[in-house]
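Visitor: Got a file for you: model-v5.pdb, PDB, C-alpha atoms.
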ATOM      1  CA  MET A  22       0.000   0.000   0.000
ATOM      2  CA  SER A  23       1.389   3.443  -0.918
ATOM      3  CA  ASP A  24       1.529   6.510   1.314
ATOM      4  CA  ASP A  25      -1.240   8.023  -0.803
ATOM      5  CA  ASP A  26      -3.474   5.047  -0.040
ATOM      6  CA  GLU A  27      -2.885   5.461   3.693
ATOM      7  CA  ARG A  28      -3.597   9.172   3.940
ATOM      8  CA  PRO A  29      -7.399   9.010   3.609
ATOM      9  CA  VAL A  30      -7.584   6.402   6.390
ATOM     10  CA  THR A  31      -5.539   8.644   8.657
ATOM     11  CA  GLY A  32      -7.729  11.579   7.720
ATOM     12  CA  VAL A  33     -10.889   9.631   8.599
ATOM     13  CA  THR A  34      -9.356   8.657  11.951
ATOM     14  CA  VAL A  35      -8.446  12.254  12.704
ATOM     15  CA  ARG A  36     -11.903  13.514  11.677
ATOM     16  CA  THR A  37     -13.572  10.816  13.788
ATOM     17  CA  SER A  38     -11.360  11.681  16.737
ATOM     18  CA  GLU A  39     -12.117  15.389  16.348
ATOM     19  CA  ARG A  40     -15.837  14.650  16.127
ATOM     20  CA  GLY A  41     -15.617  12.502  19.261
ATOM     21  CA  ALA A  42     -13.746  15.246  21.103
ATOM     22  CA  ALA A  43     -16.357  17.791  19.999
ATOM     23  CA  THR A  44     -19.178  15.538  21.211
ATOM     24  CA  ARG A  45     -17.425  14.973  24.522
ATOM     25  CA  GLY A  46     -16.928  18.725  24.921
ATOM     26  CA  ALA A  47     -20.566  19.441  24.108
ATOM     27  CA  ILE A  48     -21.716  16.879  26.672
ATOM     28  CA  LEU A  49     -19.468  18.372  29.354
ATOM     29  CA  GLU A  50     -20.635  21.911  28.586
ATOM     30  CA  ALA A  51     -24.258  20.774  28.742
ATOM     31  CA  ALA A  52     -23.635  18.933  32.017
ATOM     32  CA  ARG A  53     -22.019  22.053  33.447
ATOM     33  CA  GLY A  54     -25.142  24.086  32.683
ATOM     34  CA  VAL A  55     -27.526  21.444  34.012
ATOM     35  CA  PHE A  56     -25.542  20.908  37.227
ATOM     36  CA  ILE A  57     -25.283  24.650  37.880
ATOM     37  CA  THR A  58     -29.015  25.115  37.309
ATOM     38  CA  SER A  59     -30.381  21.977  38.967
ATOM     39  CA  GLY A  60     -27.619  20.691  41.236
ATOM     40  CA  PHE A  61     -26.126  17.225  40.999
ATOM     41  CA  ALA A  62     -28.950  15.300  42.690
ATOM     42  CA  GLU A  63     -31.725  16.801  40.528
ATOM     43  CA  ALA A  64     -29.787  16.780  37.252
ATOM     44  CA  ALA A  65     -30.973  14.238  34.678
ATOM     45  CA  VAL A  66     -28.839  12.554  32.044
ATOM     46  CA  THR A  67     -31.685  13.006  29.554
ATOM     47  CA  GLU A  68     -31.579  16.771  30.112
ATOM     48  CA  VAL A  69     -27.821  16.785  29.560
ATOM     49  CA  VAL A  70     -28.020  14.939  26.237
ATOM     50  CA  ALA A  71     -30.957  17.063  25.073
ATOM     51  CA  ARG A  72     -28.992  20.217  25.786
ATOM     52  CA  ALA A  73     -25.887  18.752  24.112
ATOM     53  CA  GLY A  74     -27.872  17.668  21.059
ATOM     54  CA  THR A  75     -26.641  14.104  21.301
ATOM     55  CA  SER A  76     -27.872  10.703  22.518
ATOM     56  CA  VAL A  77     -27.762   8.836  25.811
ATOM     57  CA  GLY A  78     -25.662   6.188  24.088
ATOM     58  CA  SER A  79     -23.139   8.821  23.052
ATOM     59  CA  LEU A  80     -22.922  10.113  26.609
ATOM     60  CA  TYR A  81     -22.237   6.614  27.925
ATOM     61  CA  HIS A  82     -19.621   6.133  25.227
ATOM     62  CA  HIS A  83     -17.622   9.017  26.730
ATOM     63  CA  PHE A  84     -18.621   8.889  30.401
ATOM     64  CA  SER A  85     -19.722   6.201  32.828
ATOM     65  CA  GLY A  86     -22.643   8.294  34.090
ATOM     66  CA  LYS A  87     -23.708  11.431  35.896
ATOM     67  CA  ALA A  88     -21.068  11.163  38.634
ATOM     68  CA  ASP A  89     -18.333  10.785  36.026
ATOM     69  CA  LEU A  90     -19.535  13.965  34.311
ATOM     70  CA  TYR A  91     -19.439  15.861  37.606
ATOM     71  CA  LEU A  92     -16.001  14.547  38.571
ATOM     72  CA  THR A  93     -14.603  15.296  35.118
ATOM     73  CA  LEU A  94     -15.805  18.887  35.373
ATOM     74  CA  PHE A  95     -14.212  19.089  38.826
ATOM     75  CA  GLU A  96     -10.872  17.663  37.678
ATOM     76  CA  GLU A  97     -10.741  19.949  34.648
ATOM     77  CA  PHE A  98     -11.512  22.975  36.827
ATOM     78  CA  GLN A  99      -8.799  21.952  39.291
ATOM     79  CA  THR A 100      -6.337  21.500  36.439
ATOM     80  CA  ARG A 101      -7.037  25.050  35.261
ATOM     81  CA  GLN A 102      -6.645  26.337  38.807
ATOM     82  CA  THR A 103      -3.332  24.521  39.212
ATOM     83  CA  GLN A 104      -2.101  26.002  35.930
ATOM     84  CA  ARG A 105      -3.154  29.481  37.019
ATOM     85  CA  THR A 106      -1.388  29.272  40.378
ATOM     86  CA  ARG A 107       1.729  27.611  38.960
ATOM     87  CA  GLN A 108       2.044  30.274  36.276
ATOM     88  CA  ALA A 109       1.591  33.059  38.830
ATOM     89  CA  VAL A 110       4.276  31.624  41.125
ATOM     90  CA  GLN A 111       6.649  31.063  38.198
ATOM     91  CA  SER A 112       6.092  34.636  36.997
ATOM     92  CA  ALA A 113       6.804  35.971  40.497
ATOM     93  CA  ARG A 114       9.997  33.931  40.684
ATOM     94  CA  ALA A 115      11.045  35.152  37.224
ATOM     95  CA  ALA A 116      10.564  38.711  38.518
ATOM     96  CA  GLY A 117      13.007  37.993  41.349
ATOM     97  CA  VAL A 118      10.562  37.167  44.147
ATOM     98  CA  ASP A 119      11.908  34.503  46.496
ATOM     99  CA  ASP A 120      10.079  35.269  49.739
ATOM    100  CA  PRO A 121       7.745  32.309  50.501
ATOM    101  CA  MET A 122       4.862  34.498  51.688
ATOM    102  CA  ARG A 123       4.993  36.639  48.556
ATOM    103  CA  LEU A 124       5.052  33.538  46.385
ATOM    104  CA  PHE A 125       2.097  32.162  48.339
ATOM    105  CA  THR A 126       0.268  35.468  47.821
ATOM    106  CA  ALA A 127       0.902  35.313  44.073
ATOM    107  CA  GLY A 128      -0.549  31.800  43.926
ATOM    108  CA  ALA A 129      -3.464  32.695  46.197
ATOM    109  CA  SER A 130      -4.311  35.708  44.055
ATOM    110  CA  ALA A 131      -4.371  33.564  40.908
ATOM    111  CA  TYR A 132      -6.494  30.894  42.602
ATOM    112  CA  LEU A 133      -9.065  33.413  43.830
ATOM    113  CA  ALA A 134      -9.095  35.087  40.404
ATOM    114  CA  GLY A 135      -9.888  31.693  38.880
ATOM    115  CA  CYS A 136     -12.757  31.205  41.322
ATOM    116  CA  LEU A 137     -14.126  34.613  40.358
ATOM    117  CA  ALA A 138     -13.698  33.915  36.640
ATOM    118  CA  GLU A 139     -15.539  30.588  36.962
ATOM    119  CA  ARG A 140     -17.691  31.485  39.941
ATOM    120  CA  GLU A 141     -20.728  29.348  39.097
ATOM    121  CA  LEU A 142     -18.586  26.274  38.531
ATOM    122  CA  SER A 143     -16.524  26.893  41.661
ATOM    123  CA  ALA A 144     -19.739  27.263  43.676
ATOM    124  CA  LEU A 145     -21.088  24.013  42.226
ATOM    125  CA  PHE A 146     -18.312  22.037  43.903
ATOM    126  CA  LEU A 147     -18.731  23.782  47.262
ATOM    127  CA  ARG A 148     -22.498  23.448  47.768
ATOM    128  CA  GLY A 149     -22.334  19.950  49.222
ATOM    129  CA  ASP A 150     -24.534  18.535  46.472
ATOM    130  CA  GLY A 151     -22.060  16.218  44.771
ATOM    131  CA  PRO A 152     -21.945  12.498  44.091
ATOM    132  CA  PRO A 153     -21.409  10.064  46.994
ATOM    133  CA  GLY A 154     -17.848  10.263  48.279
ATOM    134  CA  PHE A 155     -17.169  13.705  46.821
ATOM    135  CA  ASP A 156     -16.499  15.105  50.296
ATOM    136  CA  VAL A 157     -13.576  12.659  50.572
ATOM    137  CA  ILE A 158     -12.237  13.858  47.220
ATOM    138  CA  MET A 159     -12.481  17.465  48.402
ATOM    139  CA  ARG A 160     -10.594  16.699  51.620
ATOM    140  CA  GLU A 161      -7.865  14.940  49.661
ATOM    141  CA  ARG A 162      -7.674  17.891  47.267
ATOM    142  CA  LEU A 163      -7.241  20.272  50.211
ATOM    143  CA  ARG A 164      -4.462  18.056  51.604
ATOM    144  CA  LYS A 165      -2.644  18.101  48.253
ATOM    145  CA  TRP A 166      -3.126  21.858  48.036
ATOM    146  CA  THR A 167      -1.533  22.202  51.479
ATOM    147  CA  GLU A 168       1.405  20.062  50.341
ATOM    148  CA  ARG A 169       1.953  22.219  47.254
ATOM    149  CA  ASN A 170       1.869  25.353  49.391
ATOM    150  CA  ALA A 171       4.261  23.757  51.898
ATOM    151  CA  ALA A 172       6.824  23.365  49.109
ATOM    152  CA  LEU A 173       7.147  27.178  49.081
ATOM    153  CA  PHE A 174       8.148  27.313  52.762
ATOM    154  CA  GLU A 175      10.776  25.890  55.081
ATOM    155  CA  PRO A 176       9.992  22.448  56.594
ATOM    156  CA  GLY A 177       9.503  23.954  60.084
ATOM    157  CA  GLU A 178       6.742  26.274  58.874
ATOM    158  CA  ARG A 179       4.087  23.616  58.260
ATOM    159  CA  ALA A 180       1.713  25.030  60.893
ATOM    160  CA  LEU A 181       1.791  28.391  59.104
ATOM    161  CA  VAL A 182       1.056  26.679  55.787
ATOM    162  CA  VAL A 183      -1.911  24.804  57.286
ATOM    163  CA  VAL A 184      -3.345  28.031  58.716
ATOM    164  CA  LEU A 185      -2.846  29.976  55.478
ATOM    165  CA  THR A 186      -4.299  27.236  53.283
ATOM    166  CA  GLY A 187      -7.272  26.751  55.597
ATOM    167  CA  ALA A 188      -7.969  30.486  55.624
ATOM    168  CA  LEU A 189      -7.695  30.642  51.838
ATOM    169  CA  ALA A 190     -10.024  27.649  51.470
ATOM    170  CA  MET A 191     -12.626  29.464  53.574
ATOM    171  CA  ALA A 192     -12.148  32.601  51.472
ATOM    172  CA  VAL A 193     -12.620  30.541  48.296
ATOM    173  CA  SER A 194     -15.882  29.203  49.690
ATOM    174  CA  GLU A 195     -17.187  32.649  50.625
ATOM    175  CA  VAL A 196     -16.111  34.216  47.322
ATOM    176  CA  SER A 197     -17.645  31.404  45.277
ATOM    177  CA  LEU A 198     -20.929  30.992  47.148
ATOM    178  CA  SER A 199     -21.869  34.644  47.624
ATOM    179  CA  ASP A 200     -24.857  35.798  45.579
ATOM    180  CA  ASP A 201     -23.242  39.225  45.211
ATOM    181  CA  GLU A 202     -20.398  39.172  42.667
ATOM    182  CA  ASP A 203     -19.182  42.632  43.640
ATOM    183  CA  ALA A 204     -19.063  41.594  47.287
ATOM    184  CA  SER A 205     -17.118  38.488  46.251
ATOM    185  CA  ARG A 206     -14.531  40.616  44.458
ATOM    186  CA  ARG A 207     -14.205  42.962  47.431
ATOM    187  CA  LEU A 208     -13.768  40.034  49.812
ATOM    188  CA  SER A 209     -11.140  38.509  47.530
ATOM    189  CA  ASP A 210      -9.226  41.796  47.490
ATOM    190  CA  GLU A 211      -9.491  42.136  51.270
ATOM    191  CA  VAL A 212      -8.277  38.586  51.899
ATOM    192  CA  LEU A 213      -5.279  39.145  49.623
ATOM    193  CA  ALA A 214      -4.531  42.454  51.359
ATOM    194  CA  ILE A 215      -4.435  40.637  54.707
ATOM    195  CA  VAL A 216      -2.120  37.950  53.322
ATOM    196  CA  GLU A 217       0.134  40.615  51.795
ATOM    197  CA  ALA A 218       0.221  42.465  55.126
ATOM    198  CA  ILE A 219       1.341  39.254  56.838
ATOM    199  CA  SER A 220       4.010  38.785  54.189
ATOM    200  CA  ARG A 221       5.639  42.156  54.791
ATOM    201  CA  PRO A 222       8.817  41.959  56.909
TER     202      PRO A 222
END
Please express the file's structure as structure tokens.
Guide:
Amino acid sequence: MSDDDERPVTGVTVRTSERGAATRGAILEAARGVFITSGFAEAAVTEVVARAGTSVGSLYHHFSGKADLYLTLFEEFQTRQTQRTRQAVQSARAAGVDDPMRLFTAGASAYLAGCLAERELSALFLRGDGPPGFDVIMRERLRKWTERNAALFEPGERALVVVLTGALAMAVSEVSLSDDEDASRRLSDEVLAIVEAISRP
């Protein structure tokens, strides 16, 4: 078989893969809207596929069910948040910042900005209306977050890291769950101002 004979097959595979990715994305976007509007418990798979313009069979081809949709949205959100904070810390380091508290503040600012940018999605994961066992996932995520923050500090400063991360987690909850977006932004700014004040020598 010549290279010319193989190209159309490859092209079909690529087009099929792109179509599958587009369908998966449409299902996730639809699930996001349904979960935000109805909550996890009240959300229906049939509503998700109707909004996505696809079939139940297609949904189950890409996801194992409603919980998988929810957890995928959560993991993708957390990945974006991790990228935001990592980039902020790297940018601060590139600008010559090496003080742990200032690096923490840079990461915290990026994390809170992400919560504000995706406020409805952030709130979805904090309402307590997730699939069974999601509270365990959230606790584990907080533990990992604490570990990442601890990497910025000296080993003997773990208590400080726990306090800072816990305070930031509470701020994230308040910022995300508030019905008043302006109040959320003010609170975010105030929390960061407090952290920056602590960071000053």
Visitor: Please write as a ChimeraX atom specification the full residue list that the PyMOL selection byres ((chain A and resi 101) around 12) yields on this file.
Guide: /A:94-100,102-108,131-132,134-136,138-139,143
Visitor: Take the point (-20.0, 18.4, 40.2) as written in the file and pick out every residue within 7 Å of it, counting all atoms listed in the file; give the list as a PDB file with C-alpha atoms, keeping the file's coordinate frame.
Guide:
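After the write, selection-v3.pdb holds the following:
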ATOM      1  CA  PHE A  56     -25.542  20.908  37.227  1.00  0.00           C
ATOM      2  CA  PHE A  61     -26.126  17.225  40.999  1.00  0.00           C
ATOM      3  CA  TYR A  91     -19.439  15.861  37.606  1.00  0.00           C
ATOM      4  CA  LEU A  92     -16.001  14.547  38.571  1.00  0.00           C
ATOM      5  CA  LEU A  94     -15.805  18.887  35.373  1.00  0.00           C
ATOM      6  CA  PHE A  95     -14.212  19.089  38.826  1.00  0.00           C
ATOM      7  CA  LEU A 145     -21.088  24.013  42.226  1.00  0.00           C
ATOM      8  CA  PHE A 146     -18.312  22.037  43.903  1.00  0.00           C
ATOM      9  CA  GLY A 151     -22.060  16.218  44.771  1.00  0.00           C
TER      10      GLY A 151
END
Visitor: For the file shown, report as a PyMOL selection string the outcome of the PyMOL selection byres ((chain A and resi 67) around 12) at residue level.
Guide: chain A and resi 48+51-52+55+63-66+68-81+86-87
Visitor: Ranking A:Leu137, A:Ala190, A:Ile57, A:Ala144 by minimum distance to Arg160 (chain A) and counting all atoms listed in the file, which one comes first?
Guide: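 Nearest candidate to Arg160 (chain A) out of A:Leu137, A:Ala190, A:Ile57, A:Ala144: A:Ala190.
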Visitor: Please write the residues picked by the PyMOL selection byres ((chain A and resi 198-214) around 9) on this file as a list of chain:residue names.
Guide: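 Applying the expression gives A:Thr126, A:Ala129, A:Ser130, A:Leu133, A:Ala134, A:Leu137, A:Arg140, A:Glu141, A:Ser143, A:Ala144, A:Leu145, A:Leu147, A:Arg148, A:Ala188, A:Leu189, A:Ala192, A:Val193, A:Ser194, A:Glu195, A:Val196, A:Ser197, A:Ile215, A:Val216, A:Glu217, A:Ala218, A:Ile219.
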Visitor: Would you work out the distance separating CA of Leu173 (chain A) from CA of Ala109 (chain A), expressed in Å to one decimal?
Guide: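 We find that CA of Leu173 (chain A) and CA of Ala109 (chain A) lie 13.1 Å from each other.
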Visitor: Choose the residue, out of A:Gly46, A:Val183, A:Glu39, A:Asp119, that has the smallest atom-to-atom separation from Thr93 (chain A); count all atoms listed in the file.
Guide: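 The closest residue to Thr93 (chain A) is A:Gly46.
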Visitor: Enclose all atoms of region 91-99 of chain A listed in the file in an axis-aligned box, grow every side by 4 Å, and hand back centre and edge lengths in Å to one decimal, as JSON.
Guide:
{"center_x": -14.1, "center_y": 18.8, "center_z": 37.0, "size_x": 18.6, "size_y": 16.4, "size_z": 12.6}
Visitor: Just give me the gap between CA of Ala62 (chain A) and CA of Gly154 (chain A) in Å, one decimal is fine.
Guide: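 Between CA of Ala62 (chain A) and CA of Gly154 (chain A) the gap is 13.4 Å.
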Visitor: Can you work out which one of A:Leu142, A:Met122, A:Phe155, A:Asp89 has the shortest atom-to-atom distance to Leu185 (chain A), counting all atoms listed in the file?
Guide: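 Result for the nearest residue to Leu185 (chain A): A:Met122.
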Visitor: Quick one, how far is CA of Leu49 (chain A) from CA of Pro152 (chain A)?
Guide: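 We find that CA of Leu49 (chain A) and CA of Pro152 (chain A) lie 16.1 Å from each other.
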Visitor: Would you please work out which residue, of A:Ala115, A:His82, A:Val182, A:Ala88, is nearest to Glu168 (chain A) when using all atoms listed in the file?
Guide: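 Ranked by minimum distance to Glu168 (chain A), first place goes to A:Val182.
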Visitor: Might you pull out every residue within 6 Å of Phe174 (chain A), with only C-alpha atoms counted and same-chain residues fewer than 2 positions away left off, and present them as a PyMOL selection string?
Guide: chain A and resi 121+171-172
Visitor: Of the residues A:Arg114, A:Arg45, A:Lys165, A:Arg53, which is the one nearest to His83 (chain A), using all atoms listed in the file?
Guide: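 The closest residue to His83 (chain A) is A:Arg45.
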